[in-house]
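Shown next: start09.cif, containing mmCIF, C-alpha atoms (C1' of nucleotides).
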data_query
loop_
_atom_site.label_atom_id
_atom_site.label_comp_id
_atom_site.auth_asym_id
_atom_site.auth_seq_id
_atom_site.Cartn_x
_atom_site.Cartn_y
_atom_site.Cartn_z
CA MET X 1 0.24 28.91 -2.10
CA LYS X 2 -2.08 26.94 0.09
CA ASP X 3 -0.63 24.00 1.98
CA TYR X 4 -2.85 21.08 1.04
CA LYS X 5 -2.87 18.14 3.39
CA ILE X 6 -2.30 14.84 1.72
CA LYS X 7 -3.55 11.67 3.37
CA ILE X 8 -1.79 8.42 2.59
CA GLU X 9 -4.46 5.77 2.10
CA ASN X 10 -2.45 2.77 1.05
CA VAL X 11 1.18 1.76 0.68
CA VAL X 12 2.30 -1.15 -1.48
CA ALA X 13 5.76 -2.54 -0.75
CA SER X 14 7.74 -5.59 -1.74
CA THR X 15 10.73 -7.43 -0.30
CA GLN X 16 12.38 -10.82 -0.05
CA ILE X 17 12.29 -12.63 3.29
CA GLY X 18 13.88 -15.95 2.34
CA GLU X 19 13.98 -18.71 -0.26
CA ASN X 20 11.91 -21.79 -0.96
CA ILE X 21 9.26 -20.99 1.61
CA ASP X 22 6.94 -23.89 2.44
CA LEU X 23 3.60 -22.21 1.87
CA ASN X 24 1.68 -25.41 2.60
CA LYS X 25 3.15 -25.58 6.06
CA ILE X 26 2.18 -21.96 6.76
CA ALA X 27 -1.31 -22.62 5.46
CA ARG X 28 -1.63 -25.67 7.75
CA GLU X 29 -0.41 -23.95 10.91
CA ILE X 30 -1.80 -20.47 10.57
CA LYS X 31 -5.62 -20.64 10.64
CA ASP X 32 -6.31 -17.23 9.05
CA ALA X 33 -3.83 -17.70 6.23
CA GLU X 34 -5.41 -18.06 2.78
CA TYR X 35 -3.71 -20.25 0.20
CA LYS X 36 -5.33 -21.38 -3.04
CA PRO X 37 -2.39 -22.23 -5.31
CA LYS X 38 -4.73 -23.18 -8.16
CA GLN X 39 -6.19 -19.70 -8.08
CA PHE X 40 -3.17 -17.59 -7.14
CA PRO X 41 0.44 -18.58 -6.31
CA GLY X 42 0.70 -16.34 -3.28
CA LEU X 43 -0.37 -17.09 0.29
CA VAL X 44 -2.29 -14.29 2.02
CA LEU X 45 -1.38 -13.32 5.57
CA ARG X 46 -3.08 -10.44 7.39
CA THR X 47 -1.78 -8.39 10.31
CA LYS X 48 -4.18 -6.42 12.55
CA ASP X 49 -1.82 -3.80 13.96
CA PRO X 50 -0.83 -2.25 11.73
CA LYS X 51 -3.66 -3.47 9.52
CA ALA X 52 -2.18 -4.86 6.33
CA ALA X 53 -2.26 -7.83 3.98
CA ALA X 54 0.83 -9.66 2.81
CA LEU X 55 1.20 -11.96 -0.18
CA VAL X 56 3.92 -14.53 0.47
CA PHE X 57 5.39 -16.46 -2.45
CA ARG X 58 7.32 -19.71 -2.55
CA SER X 59 10.34 -17.78 -3.82
CA GLY X 60 10.49 -15.84 -0.58
CA LYS X 61 9.26 -12.64 -2.23
CA VAL X 62 6.60 -10.77 -0.27
CA VAL X 63 4.16 -8.03 -1.26
CA CYS X 64 2.61 -5.97 1.51
CA THR X 65 -0.47 -3.79 0.91
CA GLY X 66 -2.94 -1.81 2.93
CA SER X 67 -0.62 0.16 5.22
CA LYS X 68 -1.34 3.80 5.94
CA SER X 69 2.34 4.76 6.06
CA VAL X 70 5.71 3.57 4.84
CA GLU X 71 6.69 2.84 8.43
CA ASP X 72 3.60 0.70 8.98
CA ALA X 73 4.43 -1.30 5.88
CA ARG X 74 7.86 -2.04 7.36
CA ARG X 75 6.31 -3.01 10.70
CA ALA X 76 3.81 -5.29 8.98
CA VAL X 77 6.60 -7.04 7.07
CA LYS X 78 8.53 -7.62 10.29
CA GLN X 79 5.47 -9.20 11.84
CA VAL X 80 5.07 -11.50 8.86
CA VAL X 81 8.72 -12.46 9.13
CA ASN X 82 8.32 -13.27 12.83
CA ILE X 83 5.20 -15.34 12.22
CA ILE X 84 6.96 -17.44 9.59
CA LYS X 85 10.13 -17.70 11.68
CA SER X 86 8.07 -18.98 14.63
CA LEU X 87 7.04 -21.90 12.43
CA GLY X 88 10.65 -22.98 12.22
CA ILE X 89 11.05 -21.79 8.65
CA GLU X 90 14.32 -20.11 7.68
CA VAL X 91 13.94 -16.40 6.95
CA TYR X 92 16.14 -13.34 6.62
CA ASP X 93 16.42 -11.02 9.61
CA ASP X 94 16.46 -7.61 7.95
CA PRO X 95 14.57 -7.72 4.65
CA ASP X 96 15.08 -4.71 2.39
CA VAL X 97 11.56 -3.31 2.05
CA ARG X 98 10.95 -1.31 -1.11
CA VAL X 99 7.92 0.94 -1.54
CA GLN X 100 6.36 0.27 -4.93
CA ASN X 101 3.31 2.50 -4.84
CA ILE X 102 1.61 5.01 -2.58
CA VAL X 103 -2.07 5.89 -2.88
CA ALA X 104 -3.07 9.19 -1.35
CA SER X 105 -6.06 11.51 -1.27
CA ALA X 106 -6.36 15.28 -1.08
CA ASP X 107 -9.01 17.98 -1.29
CA LEU X 108 -8.72 21.26 -3.17
CA GLY X 109 -11.75 22.46 -1.25
CA VAL X 110 -13.70 23.83 -4.21
CA ASP X 111 -16.06 22.33 -6.77
CA LEU X 112 -14.57 21.88 -10.20
CA ASN X 113 -15.91 21.99 -13.75
CA LEU X 114 -14.32 18.85 -15.18
CA ASN X 115 -15.26 19.71 -18.76
CA ALA X 116 -13.45 23.02 -18.51
CA ILE X 117 -10.46 21.34 -16.87
CA ALA X 118 -10.36 18.72 -19.61
CA VAL X 119 -10.07 21.48 -22.23
CA GLY X 120 -7.72 23.55 -20.10
CA LEU X 121 -5.24 20.77 -19.42
CA GLY X 122 -5.60 19.56 -23.00
CA LEU X 123 -7.73 16.66 -24.20
CA GLU X 124 -4.56 14.87 -25.28
CA ASN X 125 -3.25 14.93 -21.71
CA ILE X 126 -6.28 13.65 -19.87
CA GLU X 127 -9.03 11.05 -19.95
CA TYR X 128 -12.52 11.97 -18.84
CA GLU X 129 -15.39 9.63 -19.58
CA PRO X 130 -18.18 10.29 -17.06
CA GLU X 131 -20.24 7.55 -18.69
CA GLN X 132 -17.73 5.10 -17.28
CA PHE X 133 -16.17 6.81 -14.27
CA PRO X 134 -16.85 10.17 -12.53
CA GLY X 135 -13.21 11.10 -12.18
CA LEU X 136 -10.94 12.86 -14.68
CA VAL X 137 -7.66 10.97 -15.14
CA TYR X 138 -4.56 13.16 -15.31
CA ARG X 139 -1.13 11.58 -15.82
CA LEU X 140 1.84 13.70 -14.76
CA ARG X 141 5.40 13.02 -15.96
CA ASP X 142 6.97 14.85 -13.04
CA PRO X 143 6.31 13.58 -10.49
CA ARG X 144 5.42 10.38 -12.31
CA VAL X 145 1.96 9.79 -10.83
CA VAL X 146 -1.63 9.47 -11.93
CA VAL X 147 -4.25 11.71 -10.39
CA LEU X 148 -7.99 11.18 -10.38
CA ILE X 149 -9.74 14.55 -10.13
CA PHE X 150 -13.40 14.75 -9.09
CA GLY X 151 -16.07 17.41 -9.42
CA SER X 152 -16.04 17.87 -5.66
CA GLY X 153 -12.45 19.04 -5.76
CA LYS X 154 -11.24 15.87 -4.06
CA MET X 155 -8.60 13.77 -5.70
CA VAL X 156 -6.68 10.52 -5.54
CA ILE X 157 -2.96 10.43 -6.29
CA THR X 158 -1.41 7.06 -7.10
CA GLY X 159 1.66 5.59 -8.72
CA GLY X 160 4.22 7.49 -6.65
CA LYS X 161 6.94 5.87 -4.54
CA LYS X 162 7.45 8.66 -2.04
CA PRO X 163 4.89 10.64 0.00
CA GLU X 164 6.61 13.67 -1.48
CA ASP X 165 5.45 12.69 -4.98
CA ALA X 166 1.79 13.03 -3.99
CA LYS X 167 2.45 16.37 -2.30
CA ARG X 168 4.22 17.77 -5.34
CA ALA X 169 1.51 16.52 -7.67
CA VAL X 170 -1.23 18.30 -5.75
CA GLU X 171 0.76 21.52 -5.63
CA LYS X 172 1.48 21.34 -9.32
CA ILE X 173 -2.14 20.70 -10.22
CA SER X 174 -3.50 23.47 -8.02
CA GLU X 175 -1.06 25.87 -9.63
CA GLU X 176 -2.06 24.80 -13.12
CA LEU X 177 -5.75 25.10 -12.35
CA GLN X 178 -5.29 28.50 -10.78
CA ALA X 179 -3.25 29.70 -13.74
CA LEU X 180 -6.08 28.50 -15.95
CA GLY X 181 -8.61 30.29 -13.79
CA LEU X 182 -10.46 27.06 -13.14
CA MET X 183 -10.28 27.09 -9.37
CA ARG S 1 11.77 -12.82 -56.17
CA LEU S 2 8.74 -14.85 -57.03
CA ARG S 3 8.35 -15.91 -53.40
CA LYS S 4 8.46 -12.31 -52.22
CA TRP S 5 5.75 -11.45 -54.70
CA GLN S 6 3.57 -14.33 -53.64
CA ARG S 7 3.98 -13.37 -49.99
CA ARG S 8 2.80 -9.89 -50.82
CA ILE S 9 -0.24 -11.32 -52.51
CA ARG S 10 -0.93 -13.46 -49.49
CA ILE S 11 -0.60 -10.51 -47.12
CA SER S 12 -2.69 -8.42 -49.41
CA ASN S 13 -5.37 -11.07 -49.43
CA ALA S 14 -5.37 -11.30 -45.67
CA THR S 15 -5.54 -7.54 -45.34
CA GLU S 16 -8.40 -7.30 -47.76
CA ARG S 17 -10.17 -10.19 -46.12
CA ASN S 18 -9.87 -8.52 -42.74
CA LEU S 19 -11.07 -5.22 -44.09
CA ALA S 20 -14.04 -6.87 -45.74
CA PHE S 21 -14.89 -8.62 -42.50
CA ALA S 22 -14.57 -5.39 -40.54
CA LEU S 23 -16.79 -3.47 -42.91
CA SER S 24 -19.47 -6.14 -42.92
CA GLU S 25 -19.34 -6.24 -39.12
CA LEU S 26 -19.62 -2.46 -39.11
CA ASP S 27 -22.67 -2.58 -41.36
CA ARG S 28 -24.30 -5.30 -39.30
CA MET S 29 -23.91 -3.31 -36.08
CA ALA S 30 -24.89 0.01 -37.62
CA SER S 31 -28.08 -1.53 -38.99
CA ALA S 32 -28.92 -3.14 -35.66
CA LEU S 33 -28.38 0.22 -33.95
CA GLY S 34 -30.37 2.08 -36.59
CA LEU S 35 -27.52 4.41 -37.46
CA PRO S 36 -27.53 6.65 -40.57
CA LYS S 37 -25.15 5.98 -43.46
CA SER S 38 -23.08 9.05 -42.62
CA VAL S 39 -22.18 7.61 -39.23
CA ARG S 40 -21.18 4.27 -40.78
CA GLU S 41 -18.93 6.11 -43.19
CA THR S 42 -17.34 8.10 -40.41
CA ALA S 43 -16.78 4.90 -38.46
CA ALA S 44 -15.26 3.25 -41.55
CA VAL S 45 -12.83 6.15 -41.92
CA ILE S 46 -11.82 5.85 -38.28
CA TYR S 47 -11.36 2.10 -38.66
CA ARG S 48 -9.18 2.52 -41.78
CA LYS S 49 -7.01 5.08 -40.01
CA ALA S 50 -6.63 2.67 -37.10
CA VAL S 51 -5.49 -0.03 -39.52
CA GLU S 52 -3.00 2.34 -41.19
CA LYS S 53 -1.47 3.11 -37.82
CA ASN S 54 -1.35 -0.56 -36.89
CA LEU S 55 -3.58 0.01 -33.90
CA ILE S 56 -5.25 -3.36 -34.39
CA ARG S 57 -2.21 -5.24 -33.04
CA GLY S 58 -3.17 -7.11 -29.94
CA ARG S 59 -6.83 -6.23 -30.39
CA SER S 60 -9.73 -7.92 -32.10
CA ILE S 61 -11.15 -6.51 -35.32
CA GLU S 62 -14.58 -6.58 -33.73
CA GLY S 63 -13.38 -4.57 -30.76
CA VAL S 64 -11.89 -1.87 -32.98
CA VAL S 65 -15.01 -1.81 -35.15
CA ALA S 66 -17.21 -1.36 -32.09
CA ALA S 67 -14.95 1.37 -30.72
CA ALA S 68 -14.89 3.14 -34.10
CA LEU S 69 -18.69 3.07 -34.21
CA TYR S 70 -18.90 4.40 -30.66
CA ALA S 71 -16.54 7.24 -31.56
CA ALA S 72 -18.37 8.01 -34.81
CA CYS S 73 -21.71 8.27 -33.01
CA ARG S 74 -20.25 10.72 -30.54
CA GLN S 75 -18.60 12.78 -33.23
CA ALA S 76 -21.86 12.95 -35.14
CA GLY S 77 -23.76 14.12 -32.10
CA VAL S 78 -25.96 11.01 -32.05
CA PRO S 79 -24.33 9.08 -29.20
CA ARG S 80 -24.98 5.47 -28.30
CA THR S 81 -23.90 4.27 -24.88
CA LEU S 82 -21.19 1.66 -24.54
CA ASP S 83 -23.88 -0.69 -23.26
CA GLU S 84 -25.94 -0.20 -26.41
CA ILE S 85 -22.91 -0.79 -28.64
CA ALA S 86 -21.91 -3.85 -26.61
CA THR S 87 -25.40 -5.31 -26.95
CA TYR S 88 -24.73 -5.88 -30.66
CA SER S 89 -21.08 -6.83 -30.37
CA ARG S 90 -19.28 -9.99 -29.37
CA VAL S 91 -16.92 -7.74 -27.41
CA ASP S 92 -17.88 -6.62 -23.92
CA ARG S 93 -18.40 -3.03 -22.80
CA LYS S 94 -15.18 -2.84 -20.85
CA GLU S 95 -13.04 -3.90 -23.81
CA ILE S 96 -14.86 -1.55 -26.20
CA GLY S 97 -14.32 1.27 -23.74
CA ARG S 98 -10.59 0.74 -23.42
CA THR S 99 -10.20 0.25 -27.17
CA TYR S 100 -12.06 3.51 -27.73
CA ARG S 101 -9.73 5.37 -25.35
CA PHE S 102 -6.73 3.88 -27.11
CA ILE S 103 -7.70 4.70 -30.69
CA ALA S 104 -9.09 8.11 -29.70
CA ARG S 105 -5.71 8.94 -28.18
CA GLU S 106 -3.61 7.45 -30.99
CA LEU S 107 -5.66 9.03 -33.76
CA GLY S 108 -5.89 12.33 -31.92
CA LEU S 109 -9.68 12.30 -31.85
CA LYS S 110 -10.42 15.16 -29.50
CA LEU S 111 -13.82 14.36 -28.10
CA LEU S 112 -15.28 16.03 -25.06
CA PRO S 113 -17.67 13.86 -23.05
CA THR S 114 -21.11 13.53 -24.63
CA SER S 115 -23.50 16.25 -23.57
CA PRO S 116 -26.74 14.97 -22.05
CA ALA S 117 -28.48 17.19 -24.60
CA ASP S 118 -27.33 14.91 -27.43
CA TYR S 119 -29.46 12.10 -26.01
CA VAL S 120 -32.64 14.17 -25.73
CA PRO S 121 -33.97 13.85 -29.31
CA ARG S 122 -33.64 10.08 -29.39
CA PHE S 123 -35.01 9.47 -25.91
CA CYS S 124 -37.93 11.86 -26.42
CA ALA S 125 -38.79 10.25 -29.73
CA ALA S 126 -38.83 6.84 -28.09
CA LEU S 127 -41.16 8.24 -25.43
CA GLY S 128 -43.41 9.90 -28.00
CA LEU S 129 -42.74 13.33 -26.55
CA SER S 130 -43.19 16.59 -28.48
CA GLY S 131 -40.57 19.05 -29.65
CA GLU S 132 -41.71 21.33 -26.88
CA VAL S 133 -40.60 18.84 -24.26
CA GLN S 134 -37.30 18.37 -26.05
CA LYS S 135 -36.68 22.08 -26.09
CA LYS S 136 -37.52 22.38 -22.40
CA ALA S 137 -35.30 19.42 -21.49
CA ILE S 138 -32.35 20.86 -23.40
CA GLU S 139 -32.94 24.19 -21.72
CA ILE S 140 -32.76 22.51 -18.32
CA ILE S 141 -29.55 20.69 -19.30
CA LYS S 142 -27.90 23.91 -20.45
CA LYS S 143 -28.62 25.55 -17.11
CA ALA S 144 -27.39 22.46 -15.28
CA GLU S 145 -24.10 22.58 -17.21
CA GLU S 146 -23.69 26.28 -16.46
CA LYS S 147 -24.16 25.65 -12.75
CA GLU S 148 -21.74 22.73 -12.85
CA LEU S 149 -24.32 20.13 -11.88
CA THR S 150 -23.12 17.67 -14.49
CA SER S 151 -19.43 17.09 -13.68
CA GLY S 152 -18.83 13.39 -13.19
CA ARG S 153 -22.47 12.44 -13.71
CA GLY S 154 -23.52 10.00 -16.37
CA PRO S 155 -24.87 11.90 -19.43
CA THR S 156 -27.81 9.52 -19.83
CA GLY S 157 -28.85 9.96 -16.21
CA VAL S 158 -28.85 13.75 -16.52
CA ALA S 159 -30.72 13.57 -19.84
CA ALA S 160 -33.31 11.24 -18.33
CA ALA S 161 -33.88 13.50 -15.33
CA ALA S 162 -34.20 16.60 -17.53
CA ILE S 163 -36.72 14.84 -19.78
CA TYR S 164 -38.67 13.62 -16.77
CA ILE S 165 -38.91 17.18 -15.41
CA ALA S 166 -39.71 18.66 -18.82
CA SER S 167 -42.47 16.12 -19.40
CA ILE S 168 -44.14 17.19 -16.18
CA LEU S 169 -43.72 20.93 -16.80
CA THR S 170 -45.30 20.63 -20.26
CA GLY S 171 -48.15 18.40 -19.18
CA GLU S 172 -46.92 15.43 -21.22
CA ARG S 173 -45.97 13.48 -18.13
CA ARG S 174 -44.03 10.21 -18.35
CA THR S 175 -43.27 8.06 -15.32
CA GLN S 176 -39.78 7.62 -13.96
CA ARG S 177 -40.08 4.00 -14.97
CA GLU S 178 -40.85 4.84 -18.61
CA VAL S 179 -38.00 7.34 -18.88
CA ALA S 180 -35.59 5.01 -17.10
CA GLU S 181 -36.43 2.26 -19.57
CA VAL S 182 -35.55 4.22 -22.71
CA ALA S 183 -32.52 5.93 -21.13
CA GLY S 184 -31.04 2.72 -19.84
CA VAL S 185 -30.64 3.94 -16.26
CA THR S 186 -32.46 3.00 -13.06
CA GLU S 187 -35.33 4.87 -11.49
CA VAL S 188 -33.09 5.56 -8.51
CA THR S 189 -30.67 7.47 -10.73
CA ILE S 190 -33.47 9.56 -12.27
CA ARG S 191 -34.74 10.30 -8.78
CA ASN S 192 -31.31 11.41 -7.55
CA ARG S 193 -30.64 13.57 -10.59
CA TYR S 194 -34.06 15.20 -10.86
CA LYS S 195 -34.12 16.07 -7.17
CA GLU S 196 -30.74 17.75 -7.49
CA LEU S 197 -31.71 19.60 -10.67
CA ALA S 198 -35.04 20.75 -9.28
CA GLU S 199 -33.48 21.95 -6.05
CA LYS S 200 -30.45 23.73 -7.47
CA LEU S 201 -32.18 25.19 -10.51
CA GLY S 202 -35.18 26.25 -8.47
CA ILE S 203 -37.73 24.26 -10.47
CA GLU S 204 -40.99 23.40 -8.76
CA ILE S 205 -42.31 19.96 -9.54
CA ILE S 206 -45.89 19.16 -8.67
CA LEU S 207 -46.23 15.41 -8.52
"C1'" DG I 1 -3.90 -10.13 -20.54
"C1'" DC I 2 -5.59 -12.58 -16.15
"C1'" DT I 3 -5.49 -14.19 -11.27
"C1'" DT I 4 -4.92 -11.67 -5.70
"C1'" DT I 5 -4.12 -7.63 -2.12
"C1'" DA I 6 -5.62 -2.76 -0.22
"C1'" DA I 7 -7.62 1.93 -0.30
"C1'" DA I 8 -9.67 6.50 -1.76
"C1'" DA I 9 -12.63 9.28 -4.80
"C1'" DA I 10 -18.24 9.72 -6.70
"C1'" DG I 11 -21.70 7.72 -9.63
"C1'" DT I 12 -24.55 4.02 -10.62
"C1'" DA I 13 -26.61 -0.46 -9.68
"C1'" DA I 14 -28.79 -4.28 -7.36
"C1'" DA I 15 -30.52 -6.63 -3.51
"C1'" DC I 16 -33.04 -6.24 0.85
"C1'" DT I 17 -35.90 -4.38 4.41
"C1'" DA J 1 -37.93 4.69 -0.59
"C1'" DG J 2 -33.92 4.07 2.37
"C1'" DT J 3 -29.77 1.06 3.48
"C1'" DT J 4 -26.14 -1.83 2.42
"C1'" DT J 5 -23.03 -3.99 -0.46
"C1'" DA J 6 -20.60 -3.86 -4.68
"C1'" DC J 7 -18.70 -2.58 -9.06
"C1'" DT J 8 -16.42 1.29 -12.21
"C1'" DT J 9 -11.09 3.92 -12.43
"C1'" DT J 10 -5.88 4.50 -11.10
"C1'" DG J 11 -0.98 2.32 -9.67
"C1'" DG J 12 2.55 -1.43 -8.37
"C1'" DA J 13 4.80 -5.99 -7.05
"C1'" DA J 14 4.63 -11.11 -6.85
"C1'" DA J 15 4.52 -16.44 -10.07
"C1'" DG J 16 2.27 -18.69 -13.56
"C1'" DC J 17 -0.97 -19.53 -17.10
#
Can the structure in the file be given as structure tokens, please?
Amino acid sequence: MKDYKIKIENVVASTQIGENIDLNKIAREIKDAEYKPKQFPGLVLRTKDPKAAALVFRSGKVVCTGSKSVEDARRAVKQVVNIIKSLGIEVYDDPDVRVQNIVASADLGVDLNLNAIAVGLGLENIEYEPEQFPGLVYRLRDPRVVVLIFGSGKMVITGGKKPEDAKRAVEKISEELQALGLM
Amino acid sequence: RLRKWQRRIRISNATERNLAFALSELDRMASALGLPKSVRETAAVIYRKAVEKNLIRGRSIEGVVAAALYAACRQAGVPRTLDEIATYSRVDRKEIGRTYRFIARELGLKLLPTSPADYVPRFCAALGLSGEVQKKAIEIIKKAEEKELTSGRGPTGVAAAAIYIASILTGERRTQREVAEVAGVTEVTIRNRYKELAEKLGIEIIL
DNA sequence: GCTTTAAAAAGTAAACT
DNA sequence: AGTTTACTTTGGAAAGC
């Protein structure tokens, strides 16, 4: 069994850093903060290293996206906490950061016949509408992730909460395709 | 007891009213799209099944009608693109597309993606091309599918490129612009597809 | 359902040069 | 015609309409 390398492209995490956060104050004092309450209730804060974007809500809940690793997501959240704390706003010291979704990519290294794969995996288990999108959508129940499979053999794995989920999904799919003689 | 009976009549009236509206909407769209009676009937069957399974909940009647028509066209081998269907519907392409996926899954409609070949007769007719060109275009598409040059590509783009090449090979040349117009794709797409087909299928095109 | 964030895949599209 | 930018699909959280 080949050892496919999975690349984590994006990590989405959420946490709570305090309560009743004064978003207007943050918006006033941080020049690159975006806050359009009429359009969206969250304030957007971006960190450069690691590169990430955080959505801060009045409730103190925070959503962090764009990190390339779970550890980077945690580092980004700490930076956001420090920025807000420096404004004199009360915040928690050690927020419990929970990973909500991990987007990863992988490459099987061979071209694929998506029509054959659609039939092989079962039309009732997949979605493939090239008129609308070039990728075949395959939903796995274990691990619980969604995989986009392309004719180039490259794929996108999303919906998992652990890097391990993406790895298992790719292994499972390569095994299924090989068993079906489609690889 | 009487109340229960009256409620049933009321529900029955609403159901019949909705069905009548759906069928008239179906007829209106089918006429606008120039679809044969058999396709309308297939679409009506799909719509009725969707109603029986309560798939209309949370969706508009017009959206389900459009999706049923889209599915019926594909099943009959005379596909219309979502854009064409949407042109005659109040519902946008995106909504028709997701409604189609939903009812196709719930009703167990097992449809493979449309083959580019299914678009050839209609596009060639619109371009005034002969049966010889059609045959050549379909031949090119079959080879393209065998060599896996169609995975992930839009069926109309592949059909347009094949027709463009076939029209040149048979001396009934049409411009990329003319083919793009009837196929509903851009000239850039025809260019990309025909270059790939010509190169990988070893077809020489003298411009 | 929508709004906003981020990122990848590959095809198609539109706006410029 | 070539380049760039942008939209299609997938997943998840947040607060509110």
Give me the residues of chain S that have any atom at most 12 Å from an atom of chain X; for each, the nearest atom pair and the distance in Å, rounded to one decimal. Use all atoms listed in the file, sort by chain and number, and format it as CSV.
residue,atom,partner,partner_atom,distance
S:Pro79,CA,X:Glu131,CA,11.4
S:Arg80,CA,X:Glu131,CA,10.9
S:Thr81,CA,X:Glu131,CA,7.9
S:Leu82,CA,X:Glu131,CA,8.4
S:Asp83,CA,X:Glu131,CA,10.1
S:Arg93,CA,X:Gln132,CA,9.8
S:Lys94,CA,X:Gln132,CA,9.1
S:Ile96,CA,X:Gln132,CA,11.5
S:Gly97,CA,X:Gln132,CA,8.2
S:Arg98,CA,X:Gln132,CA,10.4
S:Tyr100,CA,X:Glu129,CA,10.7
S:Arg101,CA,X:Glu127,CA,7.9
S:Phe102,CA,X:Glu127,CA,10.4
S:Ile103,CA,X:Glu124,CA,11.9
S:Ala104,CA,X:Glu124,CA,9.3
S:Arg105,CA,X:Glu124,CA,6.7
S:Glu106,CA,X:Glu124,CA,9.4
S:Leu107,CA,X:Glu124,CA,10.4
S:Gly108,CA,X:Glu124,CA,7.2
S:Leu109,CA,X:Glu124,CA,8.7
S:Lys110,CA,X:Leu123,CA,6.1
S:Leu111,CA,X:Leu123,CA,7.6
S:Leu112,CA,X:Asn115,CA,7.3
S:Pro113,CA,X:Glu129,CA,5.9
S:Thr114,CA,X:Glu131,CA,8.5
S:Ser115,CA,X:Asn115,CA,10.1
S:Pro116,CA,X:Glu131,CA,10.4
S:Ala144,CA,X:Asn113,CA,11.6
S:Glu145,CA,X:Asn113,CA,8.9
S:Glu146,CA,X:Asn113,CA,9.3
S:Lys147,CA,X:Asn113,CA,9.1
S:Glu148,CA,X:Asn113,CA,5.9
S:Leu149,CA,X:Asn113,CA,8.8
S:Thr150,CA,X:Asn113,CA,8.4
S:Ser151,CA,X:Gly151,CA,5.4
S:Gly152,CA,X:Pro134,CA,3.8
S:Arg153,CA,X:Pro130,CA,5.9
S:Gly154,CA,X:Glu131,CA,4.7
S:Pro155,CA,X:Glu131,CA,6.4
S:Thr156,CA,X:Glu131,CA,7.9
S:Gly157,CA,X:Glu131,CA,9.3
S:Val158,CA,X:Glu131,CA,10.8
S:Gly184,CA,X:Glu131,CA,11.9
S:Val185,CA,X:Glu131,CA,11.3
For chain I, the closest of X:Lys5, X:Arg98, X:Lys48, X:Lys154 counting only C-alpha atoms (C1' of nucleotides) is X:Lys154
Contact set, chain J to chain S: 12 Å, only C-alpha atoms (C1' of nucleotides), as a PDB file with C-alpha atoms (C1' of nucleotides), in the frame of the given file:
ATOM      1  C1'  DA J   1     -37.930   4.690  -0.590  1.00  0.00           C
ATOM      2  C1'  DG J   2     -33.920   4.070   2.370  1.00  0.00           C
ATOM      3  C1'  DT J   8     -16.420   1.290 -12.210  1.00  0.00           C
ATOM      4  C1'  DT J   9     -11.090   3.920 -12.430  1.00  0.00           C
TER       5       DT J   9
END
Tell me as JSON, numbers by chain which residues belonging to chain I come within 10 Å of chain X, counting all atoms listed in the file.
{"I": [3, 4, 5, 6, 7, 8, 9, 10, 11, 12]}
Min atom-atom distance to chain I from the set S:Ala125, S:Ile190, S:Leu2, S:Ile205, counting all atoms listed in the file, belongs to S:Ile190
So that each row is one residue of chain J with an atom at most 12 Å from chain X, can you give its shortest atom pair and the distance in Å to one decimal, using all atoms listed in the file, rows by chain and rising number, as a tab-separated table?
residue	atom	partner	partner_atom	distance
J:DC7	C1'	X:Phe133	CA	11.0
J:DT8	C1'	X:Phe133	CA	5.9
J:DT9	C1'	X:Phe133	CA	6.1
J:DT10	C1'	X:Thr158	CA	6.5
J:DG11	C1'	X:Gly159	CA	4.3
J:DG12	C1'	X:Asn101	CA	5.3
J:DA13	C1'	X:Ser14	CA	6.1
J:DA14	C1'	X:Val63	CA	6.4
J:DA15	C1'	X:Pro41	CA	5.9
J:DG16	C1'	X:Pro41	CA	7.5
J:DC17	C1'	X:Lys38	CA	10.4
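For the file at hand, the PyMOL selection byres ((chain I and resi 16) around 12) resolves to I:DA14, I:DA15, I:DT17, J:DG2, J:DT3, J:DT4, J:DT5.
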So which residues touch Lys2 (chain X) within 12 Å, counting only C-alpha atoms (C1' of nucleotides), skipping near sequence neighbours fewer than 6 positions away, as a list of chain:residue names?
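My list of contacting residues is X:Asp107, X:Leu108, X:Gly109, X:Lys167, X:Val170, X:Glu171, X:Lys172, X:Ser174, X:Glu175, X:Gln178.
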Report, in Å to a single decimal, how far apart CA of Arg168 (chain X) and CA of Leu182 (chain X) are.
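Atom-to-atom, CA of Leu182 (chain X) to CA of Arg168 (chain X), that is 19.0 Å.
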